[in-house]
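Undergrad: Input file: data.pdb. Contents: PDB, C-alpha atoms.
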ATOM      1  CA  ALA O   1       0.000   0.000   0.000
ATOM      2  CA  GLY O   2       2.972   2.301  -0.531
ATOM      3  CA  ALA O   3       4.786   1.656   2.748
ATOM      4  CA  ASP O   4       8.577   1.946   2.711
ATOM      5  CA  ASP O   5       9.055  -0.257   5.777
ATOM      6  CA  PHE O   6       7.248  -1.832   8.713
ATOM      7  CA  MET O   7       7.944  -3.011  12.269
ATOM      8  CA  ILE O   8       6.336  -5.560  14.538
ATOM      9  CA  LYS O   9       5.567  -5.203  18.228
ATOM     10  CA  PRO O  10       7.251  -4.865  20.634
ATOM     11  CA  ILE O  11       9.065  -1.917  19.064
ATOM     12  CA  ASN O  12      12.861  -1.901  19.318
ATOM     13  CA  LEU O  13      13.697   1.806  19.783
ATOM     14  CA  GLU O  14      17.203   1.524  18.335
ATOM     15  CA  LEU O  15      15.886  -0.164  15.214
ATOM     16  CA  LEU O  16      13.112   2.438  14.912
ATOM     17  CA  PHE O  17      15.663   5.245  15.224
ATOM     18  CA  LEU O  18      17.869   3.691  12.522
ATOM     19  CA  LYS O  19      14.948   3.103  10.158
ATOM     20  CA  ILE O  20      13.752   6.694  10.541
ATOM     21  CA  GLN O  21      17.280   7.922   9.853
ATOM     22  CA  LYS O  22      17.550   5.710   6.759
ATOM     23  CA  LEU O  23      14.237   6.990   5.401
ATOM     24  CA  THR O  24      14.793  10.678   6.133
ATOM     25  CA  VAL O  25      18.526  11.221   5.523
ATOM     26  CA  PRO O  26      20.142  10.524   2.152
ATOM     27  CA  HIS O  27      22.600   7.626   2.483
ATOM     28  CA  SER O  28      25.627   9.710   1.502
ATOM     29  CA  LEU O  29      24.884  12.171   4.310
ATOM     30  CA  SER O  30      23.993   9.615   6.984
ATOM     31  CA  VAL O  31      27.441   8.023   6.915
ATOM     32  CA  LYS O  32      29.261  11.339   7.330
ATOM     33  CA  ALA O  33      26.897  13.455   9.368
ATOM     34  CA  GLY O  34      25.794  11.129  12.182
ATOM     35  CA  VAL O  35      22.412  11.577  13.795
ATOM     36  CA  ARG O  36      20.983  14.985  14.618
ATOM     37  CA  GLY O  37      17.865  15.934  16.453
ATOM     38  CA  SER O  38      16.051  17.939  19.059
ATOM     39  CA  LEU O  39      16.068  17.182  22.767
ATOM     40  CA  GLU O  40      12.357  17.977  22.712
ATOM     41  CA  ASP O  41      11.802  15.067  20.294
ATOM     42  CA  MET O  42      14.233  12.634  21.909
ATOM     43  CA  SER O  43      15.327  13.153  25.494
ATOM     44  CA  PHE O  44      18.969  12.970  26.508
ATOM     45  CA  THR O  45      18.208   9.906  28.641
ATOM     46  CA  ASP O  46      16.542   8.018  25.767
ATOM     47  CA  MET O  47      19.377   8.900  23.397
ATOM     48  CA  ILE O  48      22.023   7.688  25.870
ATOM     49  CA  GLN O  49      20.216   4.380  26.383
ATOM     50  CA  ILE O  50      19.960   3.749  22.634
ATOM     51  CA  VAL O  51      23.570   4.701  21.915
ATOM     52  CA  CYS O  52      24.977   2.634  24.770
ATOM     53  CA  ALA O  53      22.810  -0.397  23.972
ATOM     54  CA  GLY O  54      24.274  -0.346  20.462
ATOM     55  CA  ASN O  55      27.903  -0.395  21.724
ATOM     56  CA  LYS O  56      28.642   2.759  19.740
ATOM     57  CA  ASN O  57      31.881   4.754  19.567
ATOM     58  CA  LEU O  58      30.911   8.376  19.239
ATOM     59  CA  GLU O  59      30.806  11.892  20.561
ATOM     60  CA  ILE O  60      27.457  13.478  21.322
ATOM     61  CA  VAL O  61      27.489  17.263  21.011
ATOM     62  CA  LEU O  62      24.594  19.010  22.741
ATOM     63  CA  THR O  63      23.744  22.650  22.195
ATOM     64  CA  GLY O  64      21.212  24.308  24.451
ATOM     65  CA  GLU O  65      20.654  26.291  27.602
ATOM     66  CA  GLY O  66      23.066  28.850  26.095
ATOM     67  CA  GLN O  67      25.913  26.312  26.325
ATOM     68  CA  GLN O  68      27.484  23.393  24.573
ATOM     69  CA  GLY O  69      28.116  19.969  26.074
ATOM     70  CA  HIS O  70      30.001  16.869  24.989
ATOM     71  CA  VAL O  71      29.531  13.238  25.961
ATOM     72  CA  TYR O  72      31.962  10.586  24.762
ATOM     73  CA  VAL O  73      30.781   6.985  24.388
ATOM     74  CA  GLN O  74      33.359   4.263  23.778
ATOM     75  CA  ASN O  75      32.198   0.704  23.089
ATOM     76  CA  GLY O  76      28.802   1.590  24.544
ATOM     77  CA  GLU O  77      30.231   3.031  27.786
ATOM     78  CA  ILE O  78      30.138   6.681  28.777
ATOM     79  CA  ILE O  79      33.740   7.646  29.446
ATOM     80  CA  ASN O  80      33.739  11.459  29.545
ATOM     81  CA  ALA O  81      31.366  14.428  29.711
ATOM     82  CA  GLN O  82      31.971  18.178  29.622
ATOM     83  CA  THR O  83      29.863  21.309  29.702
ATOM     84  CA  GLY O  84      30.974  24.781  30.668
ATOM     85  CA  ASP O  85      33.363  24.407  33.593
ATOM     86  CA  LYS O  86      31.869  21.048  34.631
ATOM     87  CA  GLN O  87      33.534  17.713  33.919
ATOM     88  CA  ALA O  88      32.836  13.991  34.341
ATOM     89  CA  GLU O  89      29.720  12.950  36.304
ATOM     90  CA  GLU O  90      28.824  16.522  37.288
ATOM     91  CA  ALA O  91      28.684  17.535  33.616
ATOM     92  CA  PHE O  92      26.679  14.426  32.709
ATOM     93  CA  TYR O  93      24.087  15.144  35.420
ATOM     94  CA  THR O  94      23.778  18.739  34.213
ATOM     95  CA  LEU O  95      23.265  17.604  30.602
ATOM     96  CA  MET O  96      20.591  15.152  31.750
ATOM     97  CA  GLN O  97      18.489  18.112  32.868
ATOM     98  CA  TRP O  98      18.483  19.875  29.495
ATOM     99  CA  ARG O  99      14.998  19.714  28.001
ATOM    100  CA  LYS O 100      15.528  22.052  25.044
ATOM    101  CA  GLY O 101      18.322  22.118  22.552
ATOM    102  CA  GLU O 102      19.858  20.108  19.763
ATOM    103  CA  PHE O 103      22.103  17.069  19.637
ATOM    104  CA  ASP O 104      24.500  15.817  17.001
ATOM    105  CA  THR O 105      26.383  12.523  17.035
ATOM    106  CA  LYS O 106      29.795  12.130  15.437
ATOM    107  CA  GLN O 107      31.789   8.976  14.881
ATOM    108  CA  CYS O 108      34.815   9.037  17.133
ATOM    109  CA  ALA O 109      38.106   7.152  16.798
ATOM    110  CA  GLU O 110      40.136   9.133  19.354
ATOM    111  CA  PHE O 111      38.741   9.779  22.804
ATOM    112  CA  PRO O 112      39.681  12.057  25.683
ATOM    113  CA  ALA O 113      40.906  10.506  28.923
ATOM    114  CA  ARG O 114      38.311   8.483  30.818
ATOM    115  CA  THR O 115      36.879  10.570  33.648
ATOM    116  CA  ILE O 116      33.675   8.593  34.272
ATOM    117  CA  LYS O 117      33.930   5.171  35.878
ATOM    118  CA  LEU O 118      30.222   4.543  36.622
ATOM    119  CA  SER O 119      28.041   2.365  34.411
ATOM    120  CA  THR O 120      25.404   3.964  32.196
ATOM    121  CA  MET O 121      22.587   2.705  34.415
ATOM    122  CA  SER O 122      24.294   4.081  37.551
ATOM    123  CA  LEU O 123      24.744   7.475  35.880
ATOM    124  CA  LEU O 124      21.108   7.620  34.764
ATOM    125  CA  MET O 125      19.770   6.552  38.162
ATOM    126  CA  GLU O 126      21.943   9.014  40.085
ATOM    127  CA  GLY O 127      21.082  11.816  37.645
ATOM    128  CA  SER O 128      17.375  11.112  38.126
ATOM    129  CA  ARG O 129      17.777  11.033  41.908
ATOM    130  CA  LEU O 130      19.611  14.362  41.912
ATOM    131  CA  ALA O 131      16.950  15.915  39.676
ATOM    132  CA  ASP O 132      14.191  14.681  41.996
ATOM    133  CA  GLU O 133      15.981  16.269  44.958
ATOM    134  CA  GLY O 134      16.641  19.476  43.017
ATOM    135  CA  SER O 135      20.407  19.083  43.478
ATOM    136  CA  VAL O 136      21.347  19.646  39.835
TER
END
For the structure just supplied, provide its representation as structure tokens.
TA:
Amino acid sequence: AGADDFMIKPINLELLFLKIQKLTVPHSLSVKAGVRGSLEDMSFTDMIQIVCAGNKNLEIVLTGEGQQGHVYVQNGEIINAQTGDKQAEEAFYTLMQWRKGEFDTKQCAEFPARTIKLSTMSLLMEGSRLADEGSV
């Protein structure tokens, strides 16, 4: 009936994200440009879970709140985060709170020094706890 693709339930979010990218971004651009989007359409937390579940090696550049932030993911593990004068976990927890802005992913072969030792799940849980307490 004119469909370009289909999916069955339950929906795999990573697969959905990749299929949308394939359908909306010309192939020649998708290889070079990475994935771009709005934090209003895909939250930072959702993006991190998808990227880490896929064992990706990339840099996520976030622009919003009048600042820029960077998160480095190596083999699906968050190894470094920076925004403003904040580094490591503190920067990650700050970026988790951004609700408006843009993100851009870039393939990464060289990474900065590892400053984050916690697992992705530990980072997300602690960030949520801090947000609930109003500590971030």
Undergrad: For stretch 18-22 of chain O, please output as a ChimeraX atom specification all residues within 10 Å (counting all atoms listed in the file; exclusion window: fewer than 6 positions along the same chain).
TA: /O:4-7,30,34-36
Undergrad: Choose the residue, out of O:Gly101, O:Gly2, O:Gly66, O:Gly76, that has the smallest atom-to-atom separation from O:Thr120; count all atoms listed in the file.
TA: O:Gly76
Undergrad: From the options O:Phe17, O:Phe44, O:Phe111, O:Phe103, which residue's atoms come nearest to O:Asn80, counting only C-alpha atoms?
TA: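 That would be O:Phe111, the residue with the smallest distance to O:Asn80.
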Undergrad: Pick out the residues sitting within 8 Å of stretch 115-119 of chain O, and hand them over as a list in words; count only C-alpha atoms, and ignore anything fewer than 5 positions along from it in its own chain.
TA: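 Counting only C-alpha atoms, the residues come to Glu77, Ile78, Ile79, Asn80, Ala81, Gln87, Ala88 and Glu89 of chain O.
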Undergrad: Could you check the closest approach to O:Gln49 for each of O:Tyr72, O:Ala131, O:Leu124, O:Gln107 and tell me which residue wins, using all atoms listed in the file?
TA: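 For O:Gln49, the nearest of the candidates is O:Leu124.
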Undergrad: Select, from O:Ile50, O:Leu39, O:Met125, O:Thr45, the residue with the minimum atom-to-atom distance to O:Glu14, counting only C-alpha atoms.
TA: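 Of all the options, O:Ile50 lies closest to O:Glu14.
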Undergrad: I'd like to know which of O:Leu13, O:Ile60, O:Gly37, O:Ile48 is closest to O:Thr105, using all atoms listed in the file.
TA: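 Smallest separation from O:Thr105 among the options: O:Ile60.
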Undergrad: With the PyMOL selection byres ((chain O and resi 109) around 12) as the selection, what would be picked from this file? Answer as a count of residues only, please.
TA: 14
Undergrad: Between atom CA of O:Thr83 and atom CA of O:Gln68, what distance in Å does the model show, to one decimal?
TA: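 Separating atom CA of O:Thr83 from atom CA of O:Gln68 is a distance of 6.0 Å.
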Undergrad: Give me, please, the distance in Å between atom CA of O:Tyr93 and atom CA of O:Gly127, quoted to one decimal.
TA: 5.0 Å
Undergrad: Compare O:Thr24, O:Gln97, O:Gln82, O:Ser122 by their minimum atom-to-atom distance to O:Glu65, counting all atoms listed in the file, and give me the closest one.
TA: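 Looking only at the distances to O:Glu65, the closest residue turns out to be O:Gln97.
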Undergrad: Expressed in Å to a single decimal, how great is the separation between atom CA of O:Glu133 and atom CA of O:Thr94?
TA: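 A separation of 13.5 Å between them.
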Undergrad: Here's the selection I'm unsure about, the PyMOL selection byres ((chain O and resi 40) around 9); applied to the file above, which residues does it give, as a PyMOL selection string?
TA: chain O and resi 37-39+41-43+99-102
Undergrad: Please put the answer as AutoDock Vina command-line options: centre and edge lengths, in Å with one decimal, of a box along x, y and z that encloses all listed atoms of stretch 57-71 of chain O plus 4 Å on each side.
TA:
--center_x 26.3 --center_y 16.8 --center_z 23.4 --size_x 19.2 --size_y 32.1 --size_z 16.4
Undergrad: Some atoms are absent from stretch 91-113 of chain O, so rebuild N, CA and C atoms and return them as a compact mmCIF listing (two decimals), in the coordinates of the input.
TA:
# COMPACT_ATOMS: atom_id res chain seq x y z
N ALA O 91 29.12 17.05 34.93
CA ALA O 91 28.68 17.54 33.62
C ALA O 91 27.56 16.66 33.06
N PHE O 92 27.70 15.35 33.21
CA PHE O 92 26.68 14.43 32.71
C PHE O 92 25.34 14.71 33.37
N TYR O 93 25.34 14.89 34.69
CA TYR O 93 24.09 15.14 35.42
C TYR O 93 23.47 16.48 35.00
N THR O 94 24.29 17.46 34.70
CA THR O 94 23.78 18.74 34.21
C THR O 94 23.13 18.56 32.84
N LEU O 95 23.81 17.83 31.95
CA LEU O 95 23.26 17.60 30.60
C LEU O 95 21.97 16.81 30.64
N MET O 96 21.84 15.93 31.62
CA MET O 96 20.59 15.15 31.75
C MET O 96 19.38 16.05 31.97
N GLN O 97 19.60 17.22 32.53
CA GLN O 97 18.49 18.11 32.87
C GLN O 97 18.06 19.00 31.71
N TRP O 98 18.84 19.05 30.65
CA TRP O 98 18.48 19.88 29.50
C TRP O 98 17.24 19.31 28.82
N ARG O 99 16.25 20.13 28.65
CA ARG O 99 15.00 19.71 28.00
C ARG O 99 14.86 20.31 26.61
N LYS O 100 15.57 21.39 26.34
CA LYS O 100 15.53 22.05 25.04
C LYS O 100 16.93 22.16 24.50
N GLY O 101 17.03 22.02 23.21
CA GLY O 101 18.32 22.12 22.55
C GLY O 101 18.43 21.10 21.44
N GLU O 102 19.60 21.00 20.88
CA GLU O 102 19.86 20.11 19.76
C GLU O 102 20.99 19.14 20.13
N PHE O 103 20.99 17.99 19.48
CA PHE O 103 22.10 17.07 19.64
C PHE O 103 22.59 16.63 18.27
N ASP O 104 23.87 16.27 18.23
CA ASP O 104 24.50 15.82 17.00
C ASP O 104 25.49 14.72 17.40
N THR O 105 25.43 13.58 16.74
CA THR O 105 26.38 12.52 17.04
C THR O 105 27.45 12.49 15.95
N LYS O 106 28.67 12.20 16.37
CA LYS O 106 29.80 12.13 15.44
C LYS O 106 30.58 10.86 15.74
N GLN O 107 30.93 10.14 14.69
CA GLN O 107 31.79 8.98 14.88
C GLN O 107 33.10 9.44 15.51
N CYS O 108 33.63 8.63 16.38
CA CYS O 108 34.82 9.04 17.13
C CYS O 108 35.81 7.88 17.15
N ALA O 109 37.06 8.16 16.76
CA ALA O 109 38.11 7.15 16.80
C ALA O 109 39.09 7.44 17.93
N GLU O 110 39.24 8.73 18.27
CA GLU O 110 40.14 9.13 19.35
C GLU O 110 39.31 9.77 20.45
N PHE O 111 39.54 9.34 21.67
CA PHE O 111 38.74 9.78 22.80
C PHE O 111 39.59 10.52 23.82
N PRO O 112 38.96 11.44 24.57
CA PRO O 112 39.68 12.06 25.68
C PRO O 112 39.88 11.03 26.80
N ALA O 113 40.66 11.40 27.79
CA ALA O 113 40.91 10.51 28.92
C ALA O 113 39.59 10.15 29.61
